[in-house]
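Text of the file query-v8.cif, holding mmCIF, C-alpha atoms (C1' of nucleotides):
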```
data_work
#
loop_
_atom_site.label_atom_id
_atom_site.label_comp_id
_atom_site.auth_asym_id
_atom_site.auth_seq_id
_atom_site.Cartn_x
_atom_site.Cartn_y
_atom_site.Cartn_z
CA MET A 1 -45.92 -84.48 -3.62
CA ASP A 2 -48.55 -84.93 -0.94
CA ARG A 3 -50.47 -81.74 -0.26
CA ARG A 4 -49.73 -82.08 3.47
CA GLN A 5 -46.04 -82.27 2.77
CA ARG A 6 -46.21 -79.19 0.58
CA LYS A 7 -48.09 -77.26 3.23
CA THR A 8 -45.69 -78.25 5.98
CA ARG A 9 -42.69 -77.51 3.81
CA ASN A 10 -43.98 -74.07 2.92
CA ALA A 11 -44.89 -73.35 6.53
CA ILE A 12 -41.32 -74.14 7.52
CA PHE A 13 -39.88 -72.00 4.73
CA ASP A 14 -42.13 -69.10 5.65
CA ALA A 15 -41.28 -69.29 9.33
CA PHE A 16 -37.61 -69.59 8.50
CA THR A 17 -37.48 -66.59 6.16
CA GLN A 18 -39.52 -64.60 8.65
CA LEU A 19 -36.92 -65.34 11.31
CA LEU A 20 -34.02 -64.67 8.96
CA SER A 21 -35.27 -61.15 8.43
CA LYS A 22 -35.10 -60.53 12.17
CA LYS A 23 -32.08 -62.35 13.56
CA SER A 24 -28.89 -64.09 12.52
CA PHE A 25 -28.93 -67.60 11.12
CA ASN A 26 -26.84 -68.94 13.99
CA SER A 27 -29.17 -67.68 16.66
CA ILE A 28 -32.29 -69.19 15.08
CA THR A 29 -33.40 -72.41 16.79
CA VAL A 30 -35.48 -75.28 15.54
CA GLY A 31 -37.82 -74.56 18.43
CA GLU A 32 -38.57 -71.09 17.09
CA ILE A 33 -39.15 -72.38 13.59
CA ILE A 34 -41.67 -75.03 14.57
CA GLU A 35 -43.47 -72.62 16.86
CA ILE A 36 -43.99 -70.05 14.10
CA ALA A 37 -44.66 -72.70 11.48
CA ASP A 38 -47.05 -74.29 13.97
CA ILE A 39 -45.98 -77.86 13.34
CA GLY A 40 -44.75 -80.73 15.48
CA ARG A 41 -41.14 -81.18 16.34
CA ALA A 42 -40.93 -84.62 14.79
CA THR A 43 -42.47 -83.24 11.61
CA PHE A 44 -39.67 -80.74 11.19
CA TYR A 45 -37.02 -83.43 11.44
CA ALA A 46 -38.98 -85.59 9.02
CA HIS A 47 -38.50 -82.82 6.45
CA PHE A 48 -35.03 -81.48 7.19
CA GLU A 49 -32.09 -83.19 8.78
CA THR A 50 -30.56 -79.97 10.12
CA LYS A 51 -30.90 -76.21 9.95
CA ASP A 52 -28.12 -76.12 7.36
CA PHE A 53 -29.97 -78.47 5.06
CA LEU A 54 -33.04 -76.30 5.45
CA LEU A 55 -31.05 -73.30 4.27
CA LYS A 56 -29.65 -75.20 1.33
CA GLU A 57 -33.11 -76.35 0.26
CA LEU A 58 -34.49 -72.86 0.60
CA CYS A 59 -31.80 -71.49 -1.68
CA ARG A 60 -32.42 -74.18 -4.24
CA GLU A 61 -36.14 -73.47 -4.21
CA LEU A 62 -35.62 -69.71 -4.44
CA PHE A 63 -33.12 -69.56 -7.24
CA CYS A 64 -33.98 -72.52 -9.39
CA HIS A 65 -36.82 -70.73 -11.17
CA ILE A 66 -34.42 -67.93 -12.06
CA PHE A 67 -31.62 -70.17 -13.20
CA ASP A 68 -33.50 -73.04 -14.76
CA ALA A 69 -33.33 -71.56 -18.23
CA LYS A 70 -30.94 -74.27 -19.28
CA GLU A 71 -33.37 -76.95 -18.17
CA GLY A 72 -35.84 -75.87 -20.81
CA ASN A 73 -38.32 -73.65 -19.01
CA ILE A 74 -40.24 -72.07 -21.89
CA GLY A 75 -40.78 -68.61 -20.49
CA HIS A 76 -37.21 -68.23 -19.47
CA ARG A 77 -35.64 -69.87 -22.42
CA HIS A 78 -37.34 -67.29 -24.56
CA ILE A 79 -35.78 -64.43 -22.71
CA PHE A 80 -32.39 -65.95 -22.25
CA GLU A 81 -31.85 -67.26 -25.72
CA CYS A 82 -33.70 -64.92 -28.03
CA GLU A 83 -32.12 -61.64 -27.06
CA ALA A 84 -28.56 -60.38 -27.10
CA PRO A 85 -26.38 -62.16 -24.57
CA ASP A 86 -25.71 -58.97 -22.66
CA SER A 87 -29.31 -58.75 -21.68
CA VAL A 88 -29.10 -61.92 -19.65
CA PHE A 89 -27.77 -59.70 -16.92
CA LEU A 90 -30.33 -57.02 -17.55
CA HIS A 91 -33.01 -59.65 -17.35
CA LEU A 92 -31.60 -60.87 -14.05
CA PHE A 93 -31.70 -57.38 -12.61
CA MET A 94 -35.29 -56.92 -13.74
CA HIS A 95 -36.26 -60.33 -12.48
CA LEU A 96 -34.85 -59.47 -9.09
CA GLN A 97 -36.55 -56.10 -9.05
CA LYS A 98 -39.91 -57.79 -9.44
CA ASN A 99 -38.98 -59.47 -6.17
CA ASP A 100 -40.61 -62.82 -6.96
CA ASN A 101 -40.70 -65.10 -3.94
CA HIS A 102 -39.34 -62.18 -1.90
CA ILE A 103 -35.87 -62.96 -3.12
CA LEU A 104 -34.79 -59.35 -2.88
CA ASP A 105 -36.01 -59.19 0.71
CA LEU A 106 -33.77 -62.10 1.61
CA LEU A 107 -30.86 -60.66 -0.33
CA SER A 108 -31.37 -57.41 1.58
CA CYS A 109 -31.54 -58.81 5.09
CA ASN A 110 -28.62 -59.15 7.44
CA ASN A 111 -28.14 -62.76 6.48
CA ASN A 112 -27.81 -61.94 2.81
CA GLU A 113 -24.28 -63.36 2.56
CA LEU A 114 -25.83 -66.78 3.08
CA PHE A 115 -27.86 -66.44 -0.08
CA LEU A 116 -25.44 -64.48 -2.18
CA SER A 117 -22.85 -67.25 -2.22
CA TYR A 118 -25.48 -69.69 -3.47
CA PHE A 119 -26.64 -67.10 -5.95
CA GLN A 120 -23.15 -66.54 -7.28
CA ASN A 121 -22.64 -70.25 -7.62
CA GLU A 122 -25.71 -70.60 -9.82
CA LEU A 123 -24.72 -67.53 -11.75
CA GLU A 124 -21.41 -69.10 -12.68
CA HIS A 125 -23.16 -71.89 -14.56
CA LEU A 126 -25.10 -69.32 -16.52
CA ILE A 127 -22.02 -67.30 -17.41
CA GLU A 128 -20.12 -70.37 -18.50
CA ASP A 129 -22.40 -70.74 -21.51
CA GLN A 130 -22.10 -67.13 -22.69
CA ASN A 131 -19.21 -67.62 -25.06
CA GLU A 132 -19.12 -63.98 -26.10
CA LEU A 133 -17.92 -63.03 -22.64
CA PHE A 134 -14.64 -64.84 -23.17
CA GLU A 135 -13.84 -63.46 -26.59
CA SER A 136 -13.44 -59.77 -25.81
CA GLU A 137 -10.12 -57.99 -26.12
CA LYS A 138 -9.91 -57.81 -22.37
CA THR A 139 -10.71 -61.38 -21.45
CA LYS A 140 -9.57 -63.55 -24.33
CA ASN A 141 -6.09 -64.09 -22.89
CA LEU A 142 -7.26 -64.92 -19.38
CA PRO A 143 -8.12 -68.37 -17.97
CA LYS A 144 -11.80 -69.08 -18.47
CA ASP A 145 -12.60 -69.99 -14.88
CA PHE A 146 -10.90 -66.79 -13.77
CA VAL A 147 -13.17 -64.73 -16.01
CA ILE A 148 -16.22 -66.60 -14.80
CA LYS A 149 -15.35 -65.84 -11.18
CA HIS A 150 -14.67 -62.24 -12.08
CA ILE A 151 -17.97 -61.61 -13.84
CA SER A 152 -20.09 -63.46 -11.32
CA SER A 153 -18.50 -61.68 -8.39
CA THR A 154 -18.87 -58.35 -10.16
CA PHE A 155 -22.55 -59.03 -10.70
CA VAL A 156 -23.06 -59.94 -7.06
CA SER A 157 -21.10 -56.95 -5.86
CA THR A 158 -23.16 -54.70 -8.14
CA LEU A 159 -26.31 -56.31 -6.81
CA LYS A 160 -25.25 -55.71 -3.22
CA TRP A 161 -24.51 -52.11 -3.99
CA TRP A 162 -27.84 -51.70 -5.72
CA ILE A 163 -29.73 -53.16 -2.77
CA LYS A 164 -28.28 -50.38 -0.63
CA HIS A 165 -29.39 -47.76 -3.17
CA LYS A 166 -32.64 -49.16 -4.50
CA GLN A 167 -34.42 -45.88 -4.10
CA GLU A 168 -31.83 -43.80 -5.91
CA TYR A 169 -30.95 -45.74 -9.05
CA SER A 170 -33.04 -47.39 -11.74
CA VAL A 171 -32.42 -50.88 -13.09
CA GLN A 172 -31.22 -49.37 -16.34
CA THR A 173 -28.65 -47.22 -14.61
CA VAL A 174 -27.29 -50.06 -12.52
CA TYR A 175 -27.11 -52.22 -15.59
CA THR A 176 -25.15 -49.52 -17.38
CA TYR A 177 -22.74 -49.29 -14.48
CA PHE A 178 -22.32 -53.04 -14.51
CA LEU A 179 -21.57 -53.10 -18.22
CA SER A 180 -19.06 -50.27 -18.06
CA ILE A 181 -17.07 -52.32 -15.59
CA ILE A 182 -17.35 -55.63 -17.36
CA LYS A 183 -16.48 -54.34 -20.81
CA MET B 184 -1.54 -57.47 28.91
CA ASP B 185 -0.96 -60.13 31.55
CA ARG B 186 1.17 -62.99 30.29
CA ARG B 187 -1.45 -65.47 31.48
CA GLN B 188 -4.10 -63.69 29.46
CA ARG B 189 -1.91 -63.72 26.37
CA LYS B 190 -1.21 -67.42 26.72
CA THR B 191 -4.86 -68.28 27.21
CA ARG B 192 -5.93 -66.07 24.35
CA ASN B 193 -3.43 -67.65 21.99
CA ALA B 194 -4.36 -71.14 23.13
CA ILE B 195 -7.97 -70.37 22.28
CA PHE B 196 -7.07 -68.91 18.88
CA ASP B 197 -4.88 -71.90 18.07
CA ALA B 198 -7.53 -74.41 19.08
CA PHE B 199 -10.16 -72.47 17.16
CA THR B 200 -8.19 -72.22 13.91
CA GLN B 201 -7.27 -75.87 14.23
CA LEU B 202 -10.95 -76.76 14.44
CA LEU B 203 -11.89 -74.38 11.62
CA SER B 204 -9.59 -76.25 9.28
CA LYS B 205 -11.46 -79.47 10.02
CA LYS B 206 -15.14 -78.64 10.42
CA SER B 207 -17.69 -75.92 9.83
CA PHE B 208 -17.95 -72.94 12.13
CA ASN B 209 -21.49 -73.81 13.11
CA SER B 210 -20.63 -77.30 14.23
CA ILE B 211 -17.75 -76.20 16.45
CA THR B 212 -18.68 -76.12 20.14
CA VAL B 213 -17.16 -74.22 23.02
CA GLY B 214 -16.57 -77.57 24.66
CA GLU B 215 -14.29 -78.66 21.84
CA ILE B 216 -12.36 -75.42 21.91
CA ILE B 217 -11.60 -75.52 25.63
CA GLU B 218 -10.64 -79.17 25.44
CA ILE B 219 -8.06 -78.57 22.72
CA ALA B 220 -6.92 -75.29 24.25
CA ASP B 221 -6.76 -77.11 27.57
CA ILE B 222 -8.32 -74.35 29.62
CA GLY B 223 -11.22 -74.07 32.01
CA ARG B 224 -14.73 -73.36 30.85
CA ALA B 225 -15.09 -70.21 32.90
CA THR B 226 -11.79 -68.97 31.49
CA PHE B 227 -13.10 -69.13 27.96
CA TYR B 228 -16.13 -67.06 28.81
CA ALA B 229 -13.92 -64.58 30.66
CA HIS B 230 -12.21 -63.93 27.31
CA PHE B 231 -15.00 -64.18 24.78
CA GLU B 232 -18.69 -63.60 25.18
CA THR B 233 -19.68 -65.92 22.35
CA LYS B 234 -18.23 -67.94 19.48
CA ASP B 235 -19.11 -65.11 17.12
CA PHE B 236 -17.10 -62.60 19.10
CA LEU B 237 -14.20 -65.03 19.08
CA LEU B 238 -14.34 -65.12 15.30
CA LYS B 239 -14.50 -61.36 15.05
CA GLU B 240 -11.49 -60.95 17.34
CA LEU B 241 -9.54 -63.54 15.40
CA CYS B 242 -10.16 -61.67 12.16
CA ARG B 243 -9.10 -58.40 13.69
CA GLU B 244 -5.92 -59.93 15.02
CA LEU B 245 -5.14 -61.62 11.71
CA PHE B 246 -5.71 -58.73 9.37
CA CYS B 247 -4.77 -55.69 11.40
CA HIS B 248 -1.05 -56.06 10.76
CA ILE B 249 -1.75 -56.15 7.05
CA PHE B 250 -4.10 -53.23 7.01
CA ASP B 251 -2.62 -51.00 9.67
CA ALA B 252 -0.59 -49.00 7.20
CA LYS B 253 -2.82 -46.01 7.78
CA GLU B 254 -2.19 -46.13 11.52
CA GLY B 255 1.46 -45.33 11.00
CA ASN B 256 3.24 -48.66 11.03
CA ILE B 257 6.68 -47.78 9.69
CA GLY B 258 7.42 -50.90 7.69
CA HIS B 259 4.12 -50.85 5.99
CA ARG B 260 3.82 -47.18 5.44
CA HIS B 261 7.02 -47.36 3.45
CA ILE B 262 5.64 -49.95 1.11
CA PHE B 263 2.20 -48.49 0.81
CA GLU B 264 3.12 -44.87 0.32
CA CYS B 265 6.47 -44.83 -1.42
CA GLU B 266 5.69 -46.91 -4.44
CA ALA B 267 3.18 -46.55 -7.23
CA PRO B 268 -0.40 -46.99 -6.01
CA ASP B 269 -0.90 -50.05 -8.16
CA SER B 270 1.62 -51.96 -6.15
CA VAL B 271 -0.49 -51.80 -3.04
CA PHE B 272 -2.30 -54.76 -4.50
CA LEU B 273 0.90 -56.47 -5.55
CA HIS B 274 2.19 -55.99 -2.04
CA LEU B 275 -0.98 -57.53 -0.64
CA PHE B 276 -0.59 -60.59 -2.86
CA MET B 277 3.02 -60.99 -1.80
CA HIS B 278 2.18 -60.46 1.82
CA LEU B 279 -0.44 -63.18 1.60
CA GLN B 280 1.91 -65.53 -0.18
CA LYS B 281 4.35 -65.32 2.71
CA ASN B 282 1.45 -66.73 4.71
CA ASP B 283 2.20 -64.82 7.93
CA ASN B 284 0.04 -66.00 10.80
CA HIS B 285 -1.24 -68.77 8.52
CA ILE B 286 -3.64 -66.34 6.97
CA LEU B 287 -3.60 -68.13 3.66
CA ASP B 288 -4.40 -71.42 5.38
CA LEU B 289 -7.52 -69.90 6.88
CA LEU B 290 -8.47 -68.27 3.59
CA SER B 291 -8.08 -71.68 1.95
CA CYS B 292 -10.14 -73.73 4.39
CA ASN B 293 -13.81 -74.55 4.01
CA ASN B 294 -14.77 -71.69 6.27
CA ASN B 295 -12.92 -69.15 4.17
CA GLU B 296 -16.06 -67.13 3.42
CA LEU B 297 -16.08 -66.15 7.09
CA PHE B 298 -12.71 -64.47 6.74
CA LEU B 299 -13.03 -63.16 3.24
CA SER B 300 -15.91 -60.87 4.12
CA TYR B 301 -13.87 -59.34 6.92
CA PHE B 302 -10.91 -59.11 4.59
CA GLN B 303 -12.92 -57.35 1.94
CA ASN B 304 -14.25 -54.92 4.48
CA GLU B 305 -10.76 -53.90 5.55
CA LEU B 306 -9.68 -53.72 1.95
CA GLU B 307 -12.38 -51.18 1.21
CA HIS B 308 -10.82 -48.69 3.62
CA LEU B 309 -7.50 -49.11 1.90
CA ILE B 310 -8.96 -48.59 -1.56
CA GLU B 311 -10.84 -45.53 -0.49
CA ASP B 312 -7.59 -43.60 -0.09
CA GLN B 313 -6.16 -44.53 -3.50
CA ASN B 314 -7.47 -41.54 -5.41
CA GLU B 315 -5.95 -42.65 -8.69
CA LEU B 316 -8.38 -45.53 -8.84
CA PHE B 317 -11.32 -43.18 -9.23
CA GLU B 318 -9.85 -40.99 -11.93
CA SER B 319 -9.47 -43.46 -14.76
CA GLU B 320 -11.49 -43.18 -17.96
CA LYS B 321 -13.49 -46.18 -16.90
CA THR B 322 -14.37 -45.22 -13.34
CA LYS B 323 -14.48 -41.43 -13.22
CA ASN B 324 -18.19 -41.27 -14.03
CA LEU B 325 -19.25 -43.96 -11.57
CA PRO B 326 -20.28 -43.46 -7.92
CA LYS B 327 -17.24 -43.77 -5.70
CA ASP B 328 -18.68 -46.37 -3.29
CA PHE B 329 -19.68 -48.45 -6.30
CA VAL B 330 -16.11 -48.45 -7.57
CA ILE B 331 -14.79 -49.32 -4.13
CA LYS B 332 -17.08 -52.32 -3.91
CA HIS B 333 -16.13 -53.35 -7.40
CA ILE B 334 -12.38 -53.26 -6.86
CA SER B 335 -12.46 -54.89 -3.45
CA SER B 336 -14.71 -57.70 -4.62
CA THR B 337 -12.55 -58.21 -7.69
CA PHE B 338 -9.48 -58.49 -5.50
CA VAL B 339 -11.17 -61.03 -3.25
CA SER B 340 -12.49 -63.01 -6.19
CA THR B 341 -8.99 -63.02 -7.71
CA LEU B 342 -7.59 -64.15 -4.39
CA LYS B 343 -10.09 -67.00 -4.15
CA TRP B 344 -9.23 -68.10 -7.64
CA TRP B 345 -5.52 -67.94 -6.89
CA ILE B 346 -5.92 -70.04 -3.74
CA LYS B 347 -7.35 -72.80 -5.91
CA HIS B 348 -4.40 -72.53 -8.34
CA LYS B 349 -1.51 -71.68 -6.04
CA GLN B 350 0.70 -74.29 -7.62
CA GLU B 351 0.12 -73.20 -11.19
CA TYR B 352 0.42 -69.41 -11.18
CA SER B 353 2.99 -67.01 -9.76
CA VAL B 354 2.16 -63.89 -7.80
CA GLN B 355 3.27 -61.77 -10.73
CA THR B 356 0.93 -63.54 -13.11
CA VAL B 357 -2.05 -63.27 -10.82
CA TYR B 358 -1.30 -59.62 -10.28
CA THR B 359 -1.20 -59.08 -14.03
CA TYR B 360 -4.56 -60.79 -14.41
CA PHE B 361 -5.97 -58.62 -11.68
CA LEU B 362 -4.74 -55.41 -13.29
CA SER B 363 -6.01 -56.33 -16.73
CA ILE B 364 -9.49 -56.60 -15.26
CA ILE B 365 -9.33 -53.50 -13.12
CA LYS B 366 -7.92 -51.21 -15.79
"C1'" DT C 367 -64.29 -96.89 1.08
"C1'" DC C 368 -59.71 -98.14 2.49
"C1'" DA C 369 -54.86 -98.59 2.86
"C1'" DT C 370 -51.21 -95.52 3.23
"C1'" DA C 371 -48.59 -92.00 4.82
"C1'" DA C 372 -48.07 -87.64 7.13
"C1'" DC C 373 -48.87 -85.32 11.20
"C1'" DC C 374 -49.39 -84.40 16.31
"C1'" DG C 375 -47.53 -84.01 20.72
"C1'" DA C 376 -45.57 -85.57 24.45
"C1'" DA C 377 -41.91 -87.61 26.49
"C1'" DC C 378 -37.18 -88.64 26.56
"C1'" DA C 379 -31.94 -88.89 26.66
"C1'" DT C 380 -28.29 -86.22 25.40
"C1'" DA C 381 -25.55 -82.22 24.43
"C1'" DT C 382 -24.57 -77.34 24.73
"C1'" DT C 383 -24.62 -73.04 26.78
"C1'" DG C 384 -23.54 -69.67 30.00
"C1'" DT C 385 -23.04 -68.69 35.11
"C1'" DT C 386 -21.36 -69.12 39.76
"C1'" DC C 387 -18.40 -70.60 43.27
"C1'" DT C 388 -14.02 -71.52 45.92
"C1'" DA C 389 -9.35 -72.71 45.99
"C1'" DT C 390 -5.01 -72.12 43.75
"C1'" DA C 391 -1.37 -70.07 41.06
"C1'" DT C 392 0.65 -66.21 38.72
"C1'" DT C 393 1.59 -61.57 38.10
"C1'" DA C 394 2.74 -56.67 38.74
"C1'" DT C 395 4.59 -53.48 41.92
"C1'" DA C 396 6.02 -51.44 46.10
"C1'" DT D 397 10.98 -60.17 48.84
"C1'" DA D 398 6.38 -59.39 50.54
"C1'" DT D 399 1.82 -58.10 49.24
"C1'" DA D 400 -2.36 -57.19 46.86
"C1'" DA D 401 -4.65 -57.92 42.71
"C1'" DT D 402 -6.10 -60.87 39.28
"C1'" DA D 403 -6.27 -64.90 36.12
"C1'" DT D 404 -7.13 -69.61 36.09
"C1'" DA D 405 -8.82 -74.45 37.42
"C1'" DG D 406 -12.44 -77.21 38.09
"C1'" DA D 407 -16.64 -78.54 39.42
"C1'" DA D 408 -21.30 -77.87 39.84
"C1'" DC D 409 -25.46 -75.81 38.15
"C1'" DA D 410 -29.83 -74.27 35.70
"C1'" DA D 411 -31.47 -73.30 31.38
"C1'" DT D 412 -31.83 -74.23 26.81
"C1'" DA D 413 -31.41 -76.85 22.41
"C1'" DT D 414 -31.00 -81.05 19.87
"C1'" DG D 415 -32.52 -85.13 17.87
"C1'" DT D 416 -35.28 -89.48 18.52
"C1'" DT D 417 -39.10 -92.46 19.71
"C1'" DC D 418 -43.77 -93.73 20.21
"C1'" DG D 419 -48.75 -94.47 19.91
"C1'" DG D 420 -52.71 -92.16 18.39
"C1'" DT D 421 -55.03 -89.09 14.95
"C1'" DT D 422 -56.09 -87.13 10.54
"C1'" DA D 423 -55.71 -86.19 5.72
"C1'" DT D 424 -54.70 -88.05 1.12
"C1'" DG D 425 -55.00 -90.48 -3.12
"C1'" DA D 426 -56.58 -94.57 -5.47
#
```
Let me see the file written as structure tokens.
Amino acid sequence: MDRRQRKTRNAIFDAFTQLLSKKSFNSITVGEIIEIADIGRATFYAHFETKDFLLKELCRELFCHIFDAKEGNIGHRHIFECEAPDSVFLHLFMHLQKNDNHILDLLSCNNNELFLSYFQNELEHLIEDQNELFESEKTKNLPKDFVIKHISSTFVSTLKWWIKHKQEYSVQTVYTYFLSIIK
Amino acid sequence: MDRRQRKTRNAIFDAFTQLLSKKSFNSITVGEIIEIADIGRATFYAHFETKDFLLKELCRELFCHIFDAKEGNIGHRHIFECEAPDSVFLHLFMHLQKNDNHILDLLSCNNNELFLSYFQNELEHLIEDQNELFESEKTKNLPKDFVIKHISSTFVSTLKWWIKHKQEYSVQTVYTYFLSIIK
DNA sequence: TCATAACCGAACATATTGTTCTATATTATA
DNA sequence: TATAATATAGAACAATATGTTCGGTTATGA
């Protein structure tokens, strides 16, 4: 990709996330974005058709490096495949705590619901491949897609709770809480 | 409340829900609403400050009669307080299945996330008073607000799943699934 | 170096928002 | 029923936002 394109794209993403931390998605205008990103109006529309597409692209960009384990990313594959399946979730918590790409900031802002639904959606694909999760005493008689929804929504709900209490609880503790509910 | 106000208010709600079933919240304009509701522009703004307030009011109107048990509604208090605590959830499922006020339609449309977050919020208040839920072997050592979030999000996730499979599963079955996860 | 492609920025038509105004119709109530 | 209060219609309005077009400029990659 052309370096100019990359720069423009990043400038838009930065301006957008900056605005998202301050005001609601609906009240953000294209005018504000291009002013902060310091780019031309036509340039914005050359990159993104609408504000909604911009959001979708941002989510994809943010979460793909967390969820691309299946695609063969070496670093991630190692972690996801070489340890016990349970620790996929622990790894996710730790990954989020590192706050790469300021993901946790976005998940903590007032517009977090926007991202969490995308996040949960990606998470479902990950859970689908963890066969052990569907063989426990508790889940083996339930429809698979029901269990997937259950675990992914429990993870997200735990994450939301943790965001509110980041100062008080360690990753390990939250992970323990999560497991005690899932098991 | 003035009969004229009631009529206008309902006309707006009807037009709004009609639009919500067809297109995304963001793409709905005030112009479309007043055209379908067949009211004057100034009248709309006399009732609702913005589209967001309209949504909030709609949610309140929709869910209050389900969640007003605490306020002393006779019919509901009977059901909520006189049976085993578990059945609060069963009652909710059955209430939803009756589809009063077309709640289930709205929870099934593409904009359902808008309503489900309000729904979950109300649900949390209800759960908070069910002391039994926090005394089980599984939950007694967990923070109370964590358990509340967990149960409410599990209910909503179960509800979402059920909406997708309304034809295939009975209320009783879904309720059983829900319990087997909560317990 | 050179062809290509991205960007600027201004201008533009169009659409949406939110307000203000007067005339009219409906309501509550005395 | 008569009256005062109030909700609505409808049009007009400024202000803002959207999305597109265009010619000129600048950076990129080969």
TODO: Have a look at B:Lys327, B:Met277, B:Gln350, B:Arg187 and name the one nearest to C:DA391; count all atoms listed in the file.
DONE: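 Using all atoms listed in the file, C:DA391 sits closest to B:Arg187.
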TODO: Using all atoms listed in the file, find the residues of chain A whose closest atom to chain C is at most 8 Å away, then write them as a ChimeraX atom specification.
DONE: /A:4-5,39-40,43
Open item on the list: Can you work out which residues from chain D touch chain A at a cut-off of 12 Å (counting all atoms listed in the file) and hand them back as a list of chain:residue names?
Closed with: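 Residues satisfying the distance criterion: D:DT412, D:DA413, D:DT414, D:DG415, D:DT416, D:DT417, D:DC418, D:DT422, D:DA423, D:DT424, D:DG425.
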Open item on the list: Counting all atoms listed in the file, a student should be able to say which residues of chain A come within 10 Å of chain B; what is the right answer, written as a PyMOL selection string?
Closed with: chain A and resi 25-26+52+113-114+117+138-139+141-143+145-147+149-158+160-162+174+176-178+180-183
Go ahead and write the residues just picked, C-alpha atoms, as a tab-separated table (two decimals), keeping the file's coordinate frame.
```tsv
chain	number	residue	atom	x	y	z
A	25	PHE	CA	-28.93	-67.60	11.12
A	26	ASN	CA	-26.84	-68.94	13.99
A	52	ASP	CA	-28.12	-76.12	7.36
A	113	GLU	CA	-24.28	-63.36	2.56
A	114	LEU	CA	-25.83	-66.78	3.08
A	117	SER	CA	-22.85	-67.25	-2.22
A	138	LYS	CA	-9.91	-57.81	-22.37
A	139	THR	CA	-10.71	-61.38	-21.45
A	141	ASN	CA	-6.09	-64.09	-22.89
A	142	LEU	CA	-7.26	-64.92	-19.38
A	143	PRO	CA	-8.12	-68.37	-17.97
A	145	ASP	CA	-12.60	-69.99	-14.88
A	146	PHE	CA	-10.90	-66.79	-13.77
A	147	VAL	CA	-13.17	-64.73	-16.01
A	149	LYS	CA	-15.35	-65.84	-11.18
A	150	HIS	CA	-14.67	-62.24	-12.08
A	151	ILE	CA	-17.97	-61.61	-13.84
A	152	SER	CA	-20.09	-63.46	-11.32
A	153	SER	CA	-18.50	-61.68	-8.39
A	154	THR	CA	-18.87	-58.35	-10.16
A	155	PHE	CA	-22.55	-59.03	-10.70
A	156	VAL	CA	-23.06	-59.94	-7.06
A	157	SER	CA	-21.10	-56.95	-5.86
A	158	THR	CA	-23.16	-54.70	-8.14
A	160	LYS	CA	-25.25	-55.71	-3.22
A	161	TRP	CA	-24.51	-52.11	-3.99
A	162	TRP	CA	-27.84	-51.70	-5.72
A	174	VAL	CA	-27.29	-50.06	-12.52
A	176	THR	CA	-25.15	-49.52	-17.38
A	177	TYR	CA	-22.74	-49.29	-14.48
A	178	PHE	CA	-22.32	-53.04	-14.51
A	180	SER	CA	-19.06	-50.27	-18.06
A	181	ILE	CA	-17.07	-52.32	-15.59
A	182	ILE	CA	-17.35	-55.63	-17.36
A	183	LYS	CA	-16.48	-54.34	-20.81
```
Open item on the list: Using only C-alpha atoms (C1' of nucleotides) and a cutoff of 7 Å, can you tell me which residues are near (1.7, -64.3, -2.9) in the file's coordinates, and write them out as a ChimeraX atom specification?
Closed with: /B:276-281,354
Task: Closest of B:Ala198, B:Leu362, B:Leu289, B:Ile310 to B:Leu245 - atom-to-atom distances counting all atoms listed in the file - done: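 Checking each candidate against B:Leu245, we get B:Leu289 as the closest.
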TODO: Calculate how many Å separate atom CA of A:Asp105 from atom CA of A:Leu55, rounding to one decimal.
DONE: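 Separation of atom CA of A:Asp105 and atom CA of A:Leu55: 15.4 Å.
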Task: Target residues per the PyMOL selection byres ((chain B and resi 193) around 12), formatted as a ChimeraX atom specification - done: /B:186-192,194-201,216-217,219-222,227,230,237,240-241,244,284
Residues of the last selection are to be written out with C-alpha atoms, as a compact mmCIF listing (two decimals), keeping the file's coordinate frame.
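Output file selection25.txt follows:
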```
# COMPACT_ATOMS: atom_id res chain seq x y z
CA ARG B 186 1.17 -62.99 30.29
CA ARG B 187 -1.45 -65.47 31.48
CA GLN B 188 -4.10 -63.69 29.46
CA ARG B 189 -1.91 -63.72 26.37
CA LYS B 190 -1.21 -67.42 26.72
CA THR B 191 -4.86 -68.28 27.21
CA ARG B 192 -5.93 -66.07 24.35
CA ALA B 194 -4.36 -71.14 23.13
CA ILE B 195 -7.97 -70.37 22.28
CA PHE B 196 -7.07 -68.91 18.88
CA ASP B 197 -4.88 -71.90 18.07
CA ALA B 198 -7.53 -74.41 19.08
CA PHE B 199 -10.16 -72.47 17.16
CA THR B 200 -8.19 -72.22 13.91
CA GLN B 201 -7.27 -75.87 14.23
CA ILE B 216 -12.36 -75.42 21.91
CA ILE B 217 -11.60 -75.52 25.63
CA ILE B 219 -8.06 -78.57 22.72
CA ALA B 220 -6.92 -75.29 24.25
CA ASP B 221 -6.76 -77.11 27.57
CA ILE B 222 -8.32 -74.35 29.62
CA PHE B 227 -13.10 -69.13 27.96
CA HIS B 230 -12.21 -63.93 27.31
CA LEU B 237 -14.20 -65.03 19.08
CA GLU B 240 -11.49 -60.95 17.34
CA LEU B 241 -9.54 -63.54 15.40
CA GLU B 244 -5.92 -59.93 15.02
CA ASN B 284 0.04 -66.00 10.80
```
Open item on the list: So the first atom is atom CA of B:Ser204 and the second is atom CA of B:Asn294; what is the distance between them in Å, to one decimal place?
Closed with: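 It comes out at 7.5 Å.
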Open item on the list: Between atom CA of A:Phe63 and atom CA of A:Lys23, what distance in Å does the model show, to one decimal?
Closed with: 22.0 Å
